[in-house]
Structure formats: structure tokens, C-alpha cells
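K.L.:
Sharing query-v9.tsv here; it has TSV, C-alpha atoms.
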```tsv
chain	number	residue	atom	x	y	z
U	347	MET	CA	4.07	31.30	37.82
U	348	PHE	CA	4.14	28.80	34.97
U	349	LYS	CA	3.62	25.88	37.35
U	350	LEU	CA	0.60	27.67	38.80
U	351	LEU	CA	-0.81	28.20	35.30
U	352	ILE	CA	-0.37	24.50	34.56
U	353	LYS	CA	-2.29	23.55	37.70
U	354	MET	CA	-5.05	26.05	36.94
U	355	ALA	CA	-5.33	24.85	33.33
U	356	TRP	CA	-5.57	21.22	34.41
U	357	LYS	CA	-8.22	21.88	37.07
U	358	ASN	CA	-10.29	24.19	34.84
U	359	LEU	CA	-10.20	21.60	32.09
U	360	PHE	CA	-12.19	19.19	34.27
U	361	LEU	CA	-14.66	21.65	35.74
U	362	ARG	CA	-17.06	20.19	33.19
U	363	SER	CA	-15.56	16.71	33.16
U	364	ALA	CA	-18.32	15.10	31.08
U	365	ARG	CA	-17.89	17.64	28.29
U	366	THR	CA	-14.10	17.28	28.27
U	367	PHE	CA	-14.34	13.50	28.39
U	368	LEU	CA	-16.67	13.41	25.38
U	369	VAL	CA	-14.26	15.53	23.33
U	370	ILE	CA	-11.32	13.30	24.27
U	371	VAL	CA	-13.33	10.20	23.28
U	372	MET	CA	-14.32	11.88	20.00
U	373	ILE	CA	-10.68	12.67	19.22
U	374	ALA	CA	-9.55	9.17	20.23
U	375	VAL	CA	-12.16	7.28	18.20
U	376	SER	CA	-11.71	9.53	15.15
U	377	MET	CA	-7.94	9.19	15.29
U	378	GLY	CA	-8.10	5.43	15.83
U	379	MET	CA	-10.36	4.95	12.81
U	380	MET	CA	-8.20	7.26	10.69
U	381	LEU	CA	-5.04	5.31	11.55
U	382	ALA	CA	-6.78	2.04	10.71
U	383	ILE	CA	-7.91	3.39	7.33
U	384	GLU	CA	-4.43	4.72	6.56
U	385	GLY	CA	-2.90	1.36	7.46
U	386	LEU	CA	-5.40	-0.47	5.23
U	387	TYR	CA	-4.86	1.84	2.25
U	388	ASP	CA	-1.09	1.54	2.50
U	389	GLY	CA	-1.29	-2.18	3.16
U	390	MET	CA	-3.35	-2.70	0.00
U	391	SER	CA	-0.85	-0.69	-2.03
U	392	ILE	CA	2.25	-2.36	-0.55
U	393	ASN	CA	0.77	-5.85	-0.93
U	394	MET	CA	-0.15	-5.30	-4.57
U	395	ILE	CA	3.28	-3.88	-5.41
U	396	ASP	CA	5.01	-6.75	-3.59
U	397	LYS	CA	2.97	-9.40	-5.45
U	398	ASN	CA	3.61	-7.70	-8.80
U	399	LYS	CA	7.33	-7.56	-8.16
U	400	ARG	CA	7.54	-11.18	-7.06
U	401	SER	CA	5.39	-12.56	-9.86
U	402	ALA	CA	6.54	-10.43	-12.77
U	403	SER	CA	9.06	-7.63	-12.96
U	404	GLY	CA	11.07	-7.67	-9.74
U	405	ASP	CA	12.68	-4.35	-8.83
U	406	ILE	CA	14.24	-4.14	-12.30
U	407	SER	CA	13.65	-6.04	-15.55
U	408	ILE	CA	15.74	-6.32	-18.69
U	409	PHE	CA	14.33	-6.85	-22.20
U	410	THR	CA	15.57	-6.31	-25.71
U	411	GLN	CA	14.87	-2.85	-27.11
U	412	ASN	CA	11.90	-3.95	-29.24
U	413	TYR	CA	10.36	-6.73	-27.18
U	414	ARG	CA	7.88	-4.71	-25.10
U	415	VAL	CA	6.43	-3.16	-28.28
U	416	GLN	CA	6.45	-6.21	-30.58
U	417	ARG	CA	6.07	-9.04	-28.00
U	418	ASP	CA	7.69	-11.40	-30.50
U	419	ILE	CA	10.03	-14.25	-29.55
U	420	LYS	CA	12.50	-13.14	-32.22
U	421	TYR	CA	13.44	-10.32	-29.81
U	422	THR	CA	15.16	-12.51	-27.23
U	423	ILE	CA	18.11	-11.68	-25.00
U	424	LYS	CA	21.18	-13.60	-26.15
U	425	ASP	CA	23.69	-15.10	-23.69
U	426	ALA	CA	21.15	-14.73	-20.87
U	427	LEU	CA	22.91	-17.30	-18.66
U	428	ASP	CA	26.16	-15.31	-18.72
U	429	ILE	CA	24.28	-12.06	-18.09
U	430	LYS	CA	22.55	-13.65	-15.09
U	431	GLN	CA	25.87	-14.70	-13.55
U	432	ASN	CA	27.34	-11.24	-14.08
U	433	ILE	CA	24.35	-9.54	-12.48
U	434	LEU	CA	24.46	-11.86	-9.46
U	435	LYS	CA	28.00	-10.59	-8.77
U	436	MET	CA	26.82	-6.97	-8.52
U	437	ASP	CA	26.37	-5.37	-5.07
U	438	GLY	CA	22.83	-5.33	-3.73
U	439	VAL	CA	21.45	-8.07	-6.01
U	440	LYS	CA	19.29	-10.55	-4.07
U	441	ALA	CA	17.96	-12.80	-6.83
U	442	VAL	CA	17.74	-13.07	-10.61
U	443	VAL	CA	15.34	-15.13	-12.73
U	444	LEU	CA	15.18	-15.81	-16.46
U	445	ARG	CA	11.80	-16.07	-18.16
U	446	LEU	CA	10.75	-17.00	-21.67
U	447	ARG	CA	7.32	-15.89	-22.84
U	448	ALA	CA	5.28	-16.70	-25.94
U	449	ASP	CA	1.84	-15.31	-26.75
U	450	GLY	CA	-0.69	-17.52	-28.47
U	451	LEU	CA	-4.04	-19.29	-28.22
U	452	SER	CA	-5.04	-21.67	-25.46
U	453	SER	CA	-7.99	-23.96	-26.03
U	454	THR	CA	-9.95	-26.87	-24.65
U	455	ALA	CA	-12.63	-28.95	-26.34
U	456	ARG	CA	-15.22	-26.24	-25.67
U	457	LYS	CA	-13.42	-22.96	-24.89
U	458	SER	CA	-10.50	-20.95	-26.20
U	459	SER	CA	-8.74	-17.76	-25.15
U	460	PHE	CA	-5.64	-15.76	-25.91
U	461	ALA	CA	-2.92	-16.58	-23.39
U	462	SER	CA	0.80	-16.35	-22.68
U	463	LEU	CA	2.96	-19.42	-22.17
U	464	ILE	CA	5.69	-18.55	-19.67
U	465	GLY	CA	8.70	-20.77	-19.15
U	466	ILE	CA	10.06	-20.67	-15.60
U	467	ASN	CA	12.49	-22.52	-13.36
U	468	LEU	CA	10.54	-23.38	-10.20
U	469	ALA	CA	13.55	-23.39	-7.90
U	470	ASP	CA	14.70	-19.97	-9.15
U	471	GLU	CA	11.16	-18.55	-8.89
U	472	GLU	CA	10.86	-19.81	-5.33
U	473	ARG	CA	14.07	-18.02	-4.34
U	474	PHE	CA	13.07	-14.93	-6.28
U	475	GLY	CA	9.50	-14.41	-5.10
U	476	LYS	CA	8.26	-17.45	-3.13
U	477	PHE	CA	6.23	-18.74	-6.05
U	478	SER	CA	4.53	-21.29	-3.78
U	479	ASP	CA	2.64	-18.42	-2.11
U	480	PHE	CA	0.68	-17.99	-5.35
U	481	LEU	CA	-0.65	-21.56	-5.32
U	482	LYS	CA	-4.45	-21.51	-5.18
U	483	ASP	CA	-5.13	-25.18	-5.89
U	484	GLY	CA	-3.21	-28.30	-6.93
U	485	LYS	CA	0.51	-29.09	-6.71
U	486	LEU	CA	3.55	-27.27	-8.02
U	487	GLU	CA	5.01	-29.97	-10.24
U	488	PHE	CA	5.79	-29.99	-13.96
U	489	GLU	CA	5.92	-33.77	-14.46
U	490	LYS	CA	3.83	-35.35	-17.23
U	491	ARG	CA	3.17	-32.26	-19.36
U	492	GLY	CA	2.30	-30.26	-16.27
U	493	ALA	CA	1.29	-26.61	-16.42
U	494	PHE	CA	0.08	-23.97	-13.97
U	495	VAL	CA	-2.83	-21.77	-15.09
U	496	GLY	CA	-3.77	-18.26	-13.90
U	497	ILE	CA	-6.99	-18.28	-11.91
U	498	GLU	CA	-9.02	-16.01	-14.19
U	499	LEU	CA	-7.84	-17.84	-17.32
U	500	ALA	CA	-8.84	-21.13	-15.69
U	501	LYS	CA	-12.33	-19.75	-15.08
U	502	ARG	CA	-12.59	-18.54	-18.65
U	503	LEU	CA	-11.45	-21.88	-20.09
U	504	LYS	CA	-13.45	-23.77	-17.46
U	505	VAL	CA	-10.52	-25.98	-16.55
U	506	SER	CA	-9.58	-27.49	-13.20
U	507	ILE	CA	-6.84	-29.70	-11.81
U	508	GLY	CA	-6.28	-32.58	-14.22
U	509	SER	CA	-7.89	-30.85	-17.21
U	510	LYS	CA	-6.11	-30.87	-20.56
U	511	LEU	CA	-5.58	-27.93	-22.86
U	512	ILE	CA	-3.74	-27.08	-26.08
U	513	PHE	CA	-1.54	-24.02	-26.56
U	514	SER	CA	-0.73	-22.88	-30.12
U	515	THR	CA	1.77	-20.26	-31.20
U	516	GLN	CA	4.46	-19.48	-33.77
U	517	ASP	CA	7.84	-21.04	-33.03
U	518	SER	CA	11.29	-19.63	-33.83
U	519	ALA	CA	11.13	-21.05	-37.37
U	520	GLY	CA	7.90	-19.19	-38.08
U	521	GLU	CA	5.78	-22.34	-38.04
U	522	ILE	CA	2.52	-22.64	-36.12
U	523	ASN	CA	3.12	-25.26	-33.46
U	524	SER	CA	0.99	-26.69	-30.66
U	525	ILE	CA	1.74	-28.24	-27.30
U	526	SER	CA	-0.50	-30.41	-25.11
U	527	LEU	CA	-0.64	-29.48	-21.43
U	528	LYS	CA	-2.21	-30.90	-18.28
U	529	VAL	CA	-3.31	-28.53	-15.51
U	530	LYS	CA	-1.41	-29.32	-12.34
U	531	ALA	CA	-2.09	-26.12	-10.39
U	532	ILE	CA	-4.19	-22.96	-10.35
U	533	ILE	CA	-2.17	-19.81	-9.64
U	534	GLN	CA	-3.38	-16.50	-8.19
U	535	THR	CA	-0.74	-13.77	-8.13
U	536	THR	CA	-3.19	-10.79	-7.89
U	537	ASN	CA	-1.29	-9.48	-10.92
U	538	ILE	CA	-4.28	-8.88	-13.20
U	539	GLU	CA	-2.42	-9.54	-16.45
U	540	LEU	CA	-0.91	-12.83	-15.28
U	541	ASP	CA	-4.06	-14.11	-13.60
U	542	ASN	CA	-5.98	-13.44	-16.82
U	543	SER	CA	-3.55	-14.91	-19.33
U	544	ALA	CA	-0.59	-16.82	-17.86
U	545	ILE	CA	0.17	-20.50	-18.34
U	546	TYR	CA	3.41	-21.55	-16.63
U	547	VAL	CA	5.51	-24.45	-17.90
U	548	ASP	CA	9.03	-25.69	-17.30
U	549	THR	CA	11.48	-23.43	-19.13
U	550	ASN	CA	13.39	-26.38	-20.67
U	551	ARG	CA	10.22	-27.69	-22.24
U	552	LEU	CA	9.24	-24.28	-23.61
U	553	HIS	CA	12.69	-23.74	-25.14
U	554	LYS	CA	12.40	-27.06	-26.96
U	555	PHE	CA	8.84	-26.31	-28.07
U	556	LEU	CA	9.85	-22.92	-29.53
U	557	GLY	CA	13.15	-24.21	-30.94
U	558	LEU	CA	15.26	-21.69	-29.01
U	559	PRO	CA	18.71	-22.16	-27.40
U	560	MET	CA	18.66	-22.48	-23.61
U	561	ASP	CA	20.57	-19.22	-23.15
U	562	GLU	CA	17.92	-17.11	-24.89
U	563	VAL	CA	15.07	-15.55	-22.87
U	564	THR	CA	12.63	-12.68	-23.26
U	565	GLN	CA	13.02	-11.26	-19.75
U	566	ILE	CA	15.57	-11.05	-16.95
U	567	SER	CA	14.07	-9.96	-13.63
U	568	ILE	CA	16.17	-8.74	-10.72
U	569	MET	CA	15.47	-8.25	-7.02
U	570	GLY	CA	17.90	-5.77	-5.51
U	571	SER	CA	18.15	-3.30	-2.65
U	572	ASP	CA	21.00	-1.15	-3.95
U	573	LYS	CA	19.74	2.26	-5.12
U	574	GLY	CA	22.59	2.48	-7.59
U	575	LEU	CA	21.83	-0.90	-9.17
U	576	TYR	CA	19.56	0.58	-11.82
U	577	SER	CA	22.31	2.92	-13.04
U	578	LYS	CA	24.90	0.13	-13.02
U	579	LEU	CA	22.67	-2.07	-15.18
U	580	LYS	CA	21.99	0.79	-17.57
U	581	GLU	CA	25.72	1.33	-18.01
U	582	SER	CA	26.52	-2.39	-18.26
U	583	TYR	CA	23.88	-3.22	-20.86
U	584	PRO	CA	23.35	-0.13	-23.06
U	585	ASN	CA	21.96	-2.22	-25.94
U	586	LEU	CA	19.19	-3.69	-23.79
U	587	SER	CA	16.12	-2.06	-22.27
U	588	VAL	CA	16.61	-1.77	-18.49
U	589	ASP	CA	13.37	-0.73	-16.75
U	590	SER	CA	12.49	-0.15	-13.11
U	591	PHE	CA	9.32	-1.49	-11.56
U	592	LEU	CA	7.42	1.81	-11.81
U	593	GLU	CA	8.47	2.23	-15.45
U	594	LEU	CA	6.98	-1.16	-16.21
U	595	GLN	CA	3.96	-0.66	-13.97
U	596	PRO	CA	2.87	3.00	-14.19
U	597	MET	CA	-0.54	1.96	-12.87
U	598	MET	CA	1.11	1.12	-9.55
U	599	LYS	CA	2.35	4.69	-9.27
U	600	GLN	CA	-1.13	5.99	-10.05
U	601	MET	CA	-2.57	3.63	-7.46
U	602	GLN	CA	-0.10	4.89	-4.84
U	603	ASP	CA	-1.01	8.48	-5.68
U	604	MET	CA	-4.70	7.63	-5.41
U	605	MET	CA	-4.17	6.02	-2.00
U	606	ASP	CA	-2.25	9.12	-0.87
U	607	ILE	CA	-5.19	11.28	-1.97
U	608	PHE	CA	-7.65	9.07	-0.06
U	609	ASN	CA	-5.43	9.25	3.02
U	610	SER	CA	-5.15	13.03	2.72
U	611	ILE	CA	-8.92	13.44	2.41
U	612	THR	CA	-9.51	11.18	5.41
U	613	PHE	CA	-6.84	13.03	7.38
U	614	PHE	CA	-8.39	16.42	6.54
U	615	ILE	CA	-11.90	15.30	7.54
U	616	VAL	CA	-10.76	13.83	10.85
U	617	MET	CA	-8.63	16.85	11.72
U	618	SER	CA	-11.55	19.14	10.89
U	619	VAL	CA	-13.72	17.19	13.31
U	620	VAL	CA	-10.98	17.41	15.96
U	621	PHE	CA	-10.63	21.15	15.42
U	622	ILE	CA	-14.38	21.72	15.72
U	623	GLY	CA	-14.57	19.55	18.84
U	624	ILE	CA	-11.75	21.30	20.69
U	625	PHE	CA	-12.94	24.71	19.51
U	626	GLY	CA	-16.44	24.00	20.83
U	627	VAL	CA	-15.19	22.90	24.24
U	628	MET	CA	-12.81	25.84	24.61
U	629	TYR	CA	-15.31	28.43	23.43
U	630	VAL	CA	-18.10	27.21	25.73
U	631	SER	CA	-15.62	26.87	28.60
U	632	ILE	CA	-14.50	30.47	28.15
U	633	LEU	CA	-18.09	31.72	27.96
U	634	ASP	CA	-18.80	29.91	31.24
U	635	ARG	CA	-15.83	31.63	32.87
U	636	ILE	CA	-16.05	35.05	31.22
U	637	ARG	CA	-16.69	36.83	34.57
U	638	GLU	CA	-13.70	34.98	36.07
U	639	PHE	CA	-11.43	36.28	33.33
U	640	GLY	CA	-12.87	39.77	33.75
U	641	ILE	CA	-12.02	39.77	37.43
U	642	MET	CA	-8.53	38.46	36.75
U	643	LEU	CA	-7.91	41.28	34.27
U	644	SER	CA	-9.41	43.90	36.59
U	645	ILE	CA	-7.07	43.02	39.47
U	646	GLY	CA	-4.08	43.44	37.18
U	647	MET	CA	-3.37	39.97	35.87
U	648	SER	CA	-1.61	40.18	32.52
U	649	TYR	CA	-3.48	38.96	29.44
U	650	LYS	CA	-0.49	36.83	28.45
U	651	TYR	CA	-0.98	34.63	31.55
U	652	ILE	CA	-4.62	34.07	30.72
U	653	ARG	CA	-3.62	33.30	27.15
U	654	THR	CA	-1.04	30.76	28.35
U	655	GLN	CA	-3.58	29.10	30.62
U	656	ILE	CA	-6.13	28.68	27.82
U	657	ILE	CA	-3.49	27.39	25.39
U	658	LEU	CA	-2.43	24.84	28.02
U	659	GLU	CA	-6.03	23.71	28.44
U	660	ALA	CA	-6.34	23.15	24.69
U	661	PHE	CA	-2.96	21.43	24.69
U	662	PHE	CA	-4.04	19.03	27.45
U	663	VAL	CA	-7.24	18.15	25.57
U	664	GLY	CA	-5.21	17.46	22.43
U	665	VAL	CA	-2.59	15.36	24.23
U	666	LEU	CA	-5.14	13.27	26.12
U	667	GLY	CA	-7.12	12.73	22.92
U	668	TYR	CA	-3.96	11.86	21.00
U	669	LEU	CA	-2.71	9.33	23.58
U	670	SER	CA	-6.10	7.64	23.76
U	671	GLY	CA	-6.35	7.62	19.96
U	672	ALA	CA	-2.83	6.24	19.63
U	673	LEU	CA	-3.73	3.29	21.87
U	674	ILE	CA	-6.90	2.59	19.86
U	675	GLY	CA	-5.03	3.08	16.57
U	676	ILE	CA	-2.13	0.77	17.42
U	677	ALA	CA	-4.61	-1.91	18.52
U	678	PHE	CA	-6.45	-1.63	15.18
U	679	LEU	CA	-3.22	-1.63	13.18
U	680	ILE	CA	-1.73	-4.63	14.96
U	681	TYR	CA	-4.92	-6.59	14.37
U	682	LEU	CA	-5.02	-5.61	10.69
U	683	LYS	CA	-1.33	-6.37	10.23
U	684	TYR	CA	-1.55	-9.93	11.55
U	685	TYR	CA	-5.20	-10.93	10.95
U	686	GLY	CA	-6.31	-8.59	8.18
U	687	LEU	CA	-9.79	-7.52	7.12
U	688	ASP	CA	-11.74	-10.42	5.64
U	689	MET	CA	-13.53	-9.27	2.48
U	690	SER	CA	-14.33	-12.74	1.17
U	691	ALA	CA	-17.88	-11.68	0.33
U	692	PHE	CA	-16.39	-9.39	-2.32
U	693	SER	CA	-13.49	-11.65	-3.38
U	694	ASP	CA	-14.47	-11.79	-7.07
U	695	ALA	CA	-14.74	-8.02	-7.38
U	696	LEU	CA	-11.47	-7.51	-5.48
U	697	ALA	CA	-9.66	-10.05	-7.67
U	698	MET	CA	-10.68	-8.11	-10.78
U	699	TRP	CA	-8.70	-5.16	-9.40
U	700	GLY	CA	-5.77	-7.24	-8.22
U	701	TYR	CA	-6.64	-7.32	-4.51
U	702	GLU	CA	-6.81	-10.33	-2.21
U	703	SER	CA	-9.95	-11.27	-0.31
U	704	VAL	CA	-8.15	-10.67	3.00
U	705	ILE	CA	-6.65	-7.18	3.15
U	706	TYR	CA	-3.75	-6.68	5.55
U	707	GLY	CA	-2.71	-3.35	7.01
U	708	THR	CA	0.70	-1.91	7.68
U	709	ILE	CA	2.18	0.19	10.49
U	710	LYS	CA	4.31	3.29	9.97
U	711	LEU	CA	5.72	5.66	12.56
U	712	SER	CA	4.75	8.57	10.29
U	713	TYR	CA	1.06	7.85	10.97
U	714	PHE	CA	1.54	8.78	14.61
U	715	SER	CA	4.01	11.66	14.17
U	716	ASN	CA	1.89	13.36	11.50
U	717	THR	CA	-1.27	12.91	13.55
U	718	PHE	CA	0.40	14.31	16.66
U	719	LEU	CA	1.49	17.45	14.83
U	720	ALA	CA	-1.96	17.84	13.27
U	721	ILE	CA	-3.83	17.45	16.58
U	722	MET	CA	-1.51	19.86	18.35
U	723	SER	CA	-1.95	22.37	15.54
U	724	ALA	CA	-5.73	21.95	15.69
U	725	SER	CA	-5.63	22.43	19.46
U	726	LEU	CA	-3.68	25.68	19.20
U	727	LEU	CA	-5.72	27.04	16.31
U	728	SER	CA	-8.97	26.30	18.11
U	729	VAL	CA	-8.26	28.89	20.82
U	730	ILE	CA	-7.57	31.83	18.50
U	731	ILE	CA	-11.18	33.06	18.40
U	732	PRO	CA	-11.84	32.52	22.14
U	733	LEU	CA	-8.63	34.41	22.97
U	734	ARG	CA	-9.65	37.32	20.78
U	735	LYS	CA	-12.92	37.51	22.71
U	736	ILE	CA	-11.04	37.67	26.01
U	737	LYS	CA	-8.63	40.28	24.69
U	738	ARG	CA	-11.52	42.59	23.79
U	739	LEU	CA	-13.12	42.22	27.22
U	740	ASN	CA	-13.96	45.31	29.23
U	741	PRO	CA	-13.50	43.93	32.78
U	742	ILE	CA	-15.80	46.49	34.48
U	743	GLU	CA	-18.68	45.89	32.06
U	744	VAL	CA	-18.32	42.13	32.41
U	745	ILE	CA	-18.40	42.29	36.20
U	746	LYS	CA	-21.46	44.56	36.15
U	747	ALA	CA	-23.24	42.41	33.57
U	748	GLU	CA	-22.85	39.32	35.70
U	749	LYS	CA	-24.38	40.85	38.82
```
Now, as a test, write the supplied structure out as C-alpha cells.

P.N.:
Amino acid sequence: MFKLLIKMAWKNLFLRSARTFLVIVMIAVSMGMMLAIEGLYDGMSINMIDKNKRSASGDISIFTQNYRVQRDIKYTIKDALDIKQNILKMDGVKAVVLRLRADGLSSTARKSSFASLIGINLADEERFGKFSDFLKDGKLEFEKRGAFVGIELAKRLKVSIGSKLIFSTQDSAGEINSISLKVKAIIQTTNIELDNSAIYVDTNRLHKFLGLPMDEVTQISIMGSDKGLYSKLKESYPNLSVDSFLELQPMMKQMQDMMDIFNSITFFIVMSVVFIGIFGVMYVSILDRIREFGIMLSIGMSYKYIRTQIILEAFFVGVLGYLSGALIGIAFLIYLKYYGLDMSAFSDALAMWGYESVIYGTIKLSYFSNTFLAIMSASLLSVIIPLRKIKRLNPIEVIKAEK
């Protein structure tokens, strides 16, 4: 009997093939667009988090207890070289970098701006976060007083490759000291703070300029995949401030939550459209066949068989729409993952919010599994009202009314 119901449901579904086809196309296009939007939202979030980790905090960062509040070079981490070696021996640690940072005033002959001079080791930064990916213009070399300037700071100071600037700050002895720098590269990390204020120099030169020992730094950043690494570091260095990425970047968590809200709203709208589409097809289809159902009931066919047939029809519409939408969606997502969405016309506005001009998507299996469950649920819910109408049918009156 069930096989017969399946055949009947399939044939009845295409009695009005144009109507069924339009609903399947509507589901497919809506689902494909929804998957593309989800992939873009998540891609934007993942890309921003990745760039922030690579350029600044890593998965975990270590500071002295007072540094993040005071931002003063007197709050440096002592014996940083030994700490780095010890951390590298821990399970799950991929890379560790030491950074020294001093806040001060950067100036040219015509412009000035508050900035941060950051001492880095290029080789370590390349292993840690592929620093070369952040190069916007110029060459990554520190020879001859070389410095790398954040893209927004460069715009504000109106400097370009080869320009000279002066950075002034208080050294470890409490004296105001200045250093002459030559712009060798423009850096764009999409980390808003760094792009607006960072000047990168060789860490050896900055240590000498500030009068600090080579084993003193303001930050130790760690890339690690071990979930227990955070706890190990907390236990190993109780006198230091050990912070995870989201503790250092609460805005990233808010951004993720906002993207989840956007995805949820989009998902709800699309599923509402799917529900209305399937409901419309099923309701009109049942109205067209109301006399048929009346006859089936009058000759003794059980209501549960009719119910099963209608549920199967809705199920087939949902499955066909889902499969078509999955093909469209995966095509969109693959394109966005490898080629991205070019938003160069809005690059300046996007940069202000930490986004790149080309936005790449991402692909997650959960997009398809969640959508499948939602479409199947919408398909089943859409037949509740039509089934109630059939259940209340008086077969004799229906047959008479149709004569």
C-alpha cells in the first residue's frame, strides 16, 4: 500500500507541473541566495578574526598585570626569551612572538599624529602570522632606518614609500627621546587599531632606542590549538596577565553575535517564504482534487492513507527544492570561497570597519544540514491546514456539490 501511495503522490504532484516547478525554483533560488549570504557573513567574521590573531594577539597573549591599563613601558615582561622557550615546549603551541610597544607622537614636516612604535622580528612574525600578507606597498626590509607604517596612519601623515618621519616618546630613563625613520612599506592588517596607529621597526633597534634589555617585552603572543593551553599558561605564569583572543577583543565576539543574528533573520525570512510557497501549492492542489478525496473517503479509504499521500507530496516538493537549492548554493559558495565578492567601490568604508575590499565566503556542512531540516519542517507544517479541511469533509455533500 505504501508503494502505491508513493506513486500516487508523485503523479499527483505533477498534475499541475508548471505550478510545482515554480515552487521548486522559488525554494531553490531562495535557498541558494540564503546559503551565499550565510557564507559571506561567516567568511567576513572568520577573516577578520584570523587577521586580528595573526597581526596582534594570537590565540593567547601574555602581558604584565598593569600594562593593558597603563600602557607604559615600565610594565615589561622580564626574562621574555626564557618564557618564550618554555612556552614553545608546551603541547599544542604552534608559534610564539615577542613584541615591544611604545606609544608616542609621530610627525613629519607638515603633519603629526599619536602612534605606537612596535618592535618586531620579521622572521618570527612571518612564521607566526605570515606578516608578508599584510604588505600593501613597498618592501619588507628594515635596513637604513626602515619602518613599516599602518595604512590609515600613512594617509593621516601623508607619507609614502621613501618618506621620512620622526617618532618621539619617553624612554626607560624617563627622558623624551626621538628616532628618525624612513618608510619602507605600507601595511594593511584590517586590524583597525594597528592600521590607524602602528609603526613597525626592528625589535633590536627599538630596544636600544628605549634603553631596555633584549629580554624585556610588553607582549608575548601565542598561536596554539590545544584547548588546555590557556589553563596551562594561567597556572605557569600566575603573576602575569594571560588573556585569550576574545578577552582581548570583545568586539569580535559582538561581531560574531551580530553575524549570527543576521543569519538567523535571513534564515527565518527564507523559510517563511518556503513555507508559504509549499502551503499555497498544497492548498490549491487539494482544492482542485476535493471531489477526488471525497470519493476516496466514500468508498471506504482510510483518512490516514490520504494524509500519508499528501504528506509525501509536500515531502517531494521540499526534497526537490532542497536538492536544487543545494546545487545552486554550493556553486555560489565555491565561487565566493575562491574568488570572493569584489567590493572595491566601497574599499575605504570597508577598511574603516576592518574589512577587506574583496570579501571571501566560507563553506560549512551545517548550512546544508540546518536548511534541510528547516525545509522538511516547513513542508510538513504546510499541510496541516489542508489536512484539517480534508478531515472535516462530508463525502456525500462534496460529491453532490461537484455535480

K.L.:
Using only C-alpha atoms, I'd like a table of the residues in region 368-464 of chain U that come within 8 Å of region 706-730 of chain U; for each, show the closest atom pair and its distance in Å rounded to one decimal, ordered by chain and ascending number, as a tab-separated table.

P.N.:
```
residue	atom	partner	partner_atom	distance
U:Met377	CA	U:Thr717	CA	7.8
U:Leu381	CA	U:Tyr713	CA	6.6
U:Ala382	CA	U:Gly707	CA	7.7
U:Glu384	CA	U:Tyr713	CA	7.7
U:Gly385	CA	U:Gly707	CA	4.7
U:Leu386	CA	U:Gly707	CA	4.3
U:Tyr387	CA	U:Gly707	CA	7.4
U:Asp388	CA	U:Thr708	CA	6.5
U:Gly389	CA	U:Gly707	CA	4.3
U:Met390	CA	U:Tyr706	CA	6.8
U:Asn393	CA	U:Tyr706	CA	7.9
```

K.L.:
Restricting the calculation to all atoms listed in the file: of U:Phe474, U:Ile464, U:Val547, U:Arg447, which residue gets closest to Gly492 (chain U)?

P.N.:
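Of U:Phe474, U:Ile464, U:Val547, U:Arg447, the one nearest Gly492 (chain U) is U:Val547, counting all atoms listed in the file.
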
K.L.:
Could you tell me how far CA of Arg653 (chain U) sits from CA of Leu351 (chain U), in Å to one decimal place?

P.N.:
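A separation of 10.0 Å between them.
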
K.L.:
Just the number, please: distance in Å from CA of Lys554 (chain U) to CA of Val529 (chain U), one decimal.

P.N.:
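We find that CA of Lys554 (chain U) and CA of Val529 (chain U) lie 19.5 Å from each other.
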
K.L.:
Which residue out of U:Ala426, U:Leu511, U:Ala519, U:Leu556 has the minimum interatomic distance to Ala448 (chain U) when all atoms listed in the file are used?

P.N.:
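Looking only at the distances to Ala448 (chain U), the closest residue turns out to be U:Leu556.
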
K.L.:
Please, what distance in Å, to one decimal, runs between CA of Ile512 (chain U) and CA of Ala500 (chain U)?

P.N.:
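Pair CA of Ile512 (chain U) / CA of Ala500 (chain U) returns 13.0 Å.
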
K.L.:
Just checking: using only C-alpha atoms, which residue out of U:Leu446, U:Leu540, U:Ile429, U:Ala374 ends up closest to Arg417 (chain U)?

P.N.:
U:Leu446

K.L.:
Just the residues within 8 Å of Ile466 (chain U), please, counting only C-alpha atoms, with nothing from its chain fewer than 2 positions along; format it as JSON, numbers by chain.

P.N.:
{"U": [444, 445, 446, 464, 468, 470, 471, 546, 547, 548, 549]}

K.L.:
So, with all atoms listed in the file as the atoms that count, which of U:Met380, U:Leu592, U:Leu368, U:Ile373 lies closest to Thr612 (chain U)?

P.N.:
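That would be U:Met380, the residue with the smallest distance to Thr612 (chain U).
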
K.L.:
Report as CSV: every residue of region 590-680 of chain U with an atom at most 8 Å from region 731-738 of chain U, its closest pair of atoms, and their distance in Å to one decimal, counting only C-alpha atoms, with rows sorted by chain and ascending residue number.

P.N.:
```
residue,atom,partner,partner_atom,distance
U:Met628,CA,U:Pro732,CA,7.2
U:Tyr629,CA,U:Pro732,CA,5.5
U:Ile632,CA,U:Pro732,CA,6.9
U:Ile636,CA,U:Ile736,CA,7.7
U:Phe639,CA,U:Ile736,CA,7.5
U:Tyr649,CA,U:Lys737,CA,7.1
U:Arg653,CA,U:Leu733,CA,6.6
U:Ile656,CA,U:Leu733,CA,7.9
```

K.L.:
Within 7 Å of Lys510 (chain U), counting all atoms listed in the file, which residues show up once you throw out same-chain ones fewer than 5 positions away? Write them as an NGL selection string, please.

P.N.:
:U and (454 or 527-529)

K.L.:
Which residues come within 6 Å of region 530-536 of chain U, counting all atoms listed in the file, excluding same-chain residues fewer than 5 positions away, as a ChimeraX atom specification?

P.N.:
/U:480-485,492-497,507,541,700-701

K.L.:
Which one is closest to His553 (chain U): U:Leu486, U:Ile645, U:Leu503, U:Leu463? Count all atoms listed in the file.

P.N.:
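When distances to His553 (chain U) are compared using all atoms listed in the file, the smallest one comes from U:Leu463.
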
K.L.:
My list of candidates is U:Phe662, U:Phe678, U:Tyr668, U:Tyr685. Which is closest to Asn358 (chain U) when distances are computed with all atoms listed in the file?

P.N.:
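Looking at the shortest contact to Asn358 (chain U), the residue is U:Phe662.
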
K.L.:
As a ChimeraX atom specification, please: the residues near Lys599 (chain U) (cut-off 12 Å, all atoms listed in the file, same-chain neighbours under 4 positions excluded).

P.N.:
/U:391-392,394-395,590-595,603-606

K.L.:
Would you save the residues of that selection, restricted to C-alpha atoms, as an mmCIF file, in the coordinates of the input?

P.N.:
```cif
data_model
loop_
_atom_site.group_PDB
_atom_site.id
_atom_site.type_symbol
_atom_site.label_atom_id
_atom_site.label_comp_id
_atom_site.auth_asym_id
_atom_site.auth_seq_id
_atom_site.Cartn_x
_atom_site.Cartn_y
_atom_site.Cartn_z
ATOM 1 C CA SER U 391 -0.850 -0.690 -2.030
ATOM 2 C CA ILE U 392 2.250 -2.360 -0.550
ATOM 3 C CA MET U 394 -0.150 -5.300 -4.570
ATOM 4 C CA ILE U 395 3.280 -3.880 -5.410
ATOM 5 C CA SER U 590 12.490 -0.150 -13.110
ATOM 6 C CA PHE U 591 9.320 -1.490 -11.560
ATOM 7 C CA LEU U 592 7.420 1.810 -11.810
ATOM 8 C CA GLU U 593 8.470 2.230 -15.450
ATOM 9 C CA LEU U 594 6.980 -1.160 -16.210
ATOM 10 C CA GLN U 595 3.960 -0.660 -13.970
ATOM 11 C CA ASP U 603 -1.010 8.480 -5.680
ATOM 12 C CA MET U 604 -4.700 7.630 -5.410
ATOM 13 C CA MET U 605 -4.170 6.020 -2.000
ATOM 14 C CA ASP U 606 -2.250 9.120 -0.870
#
```
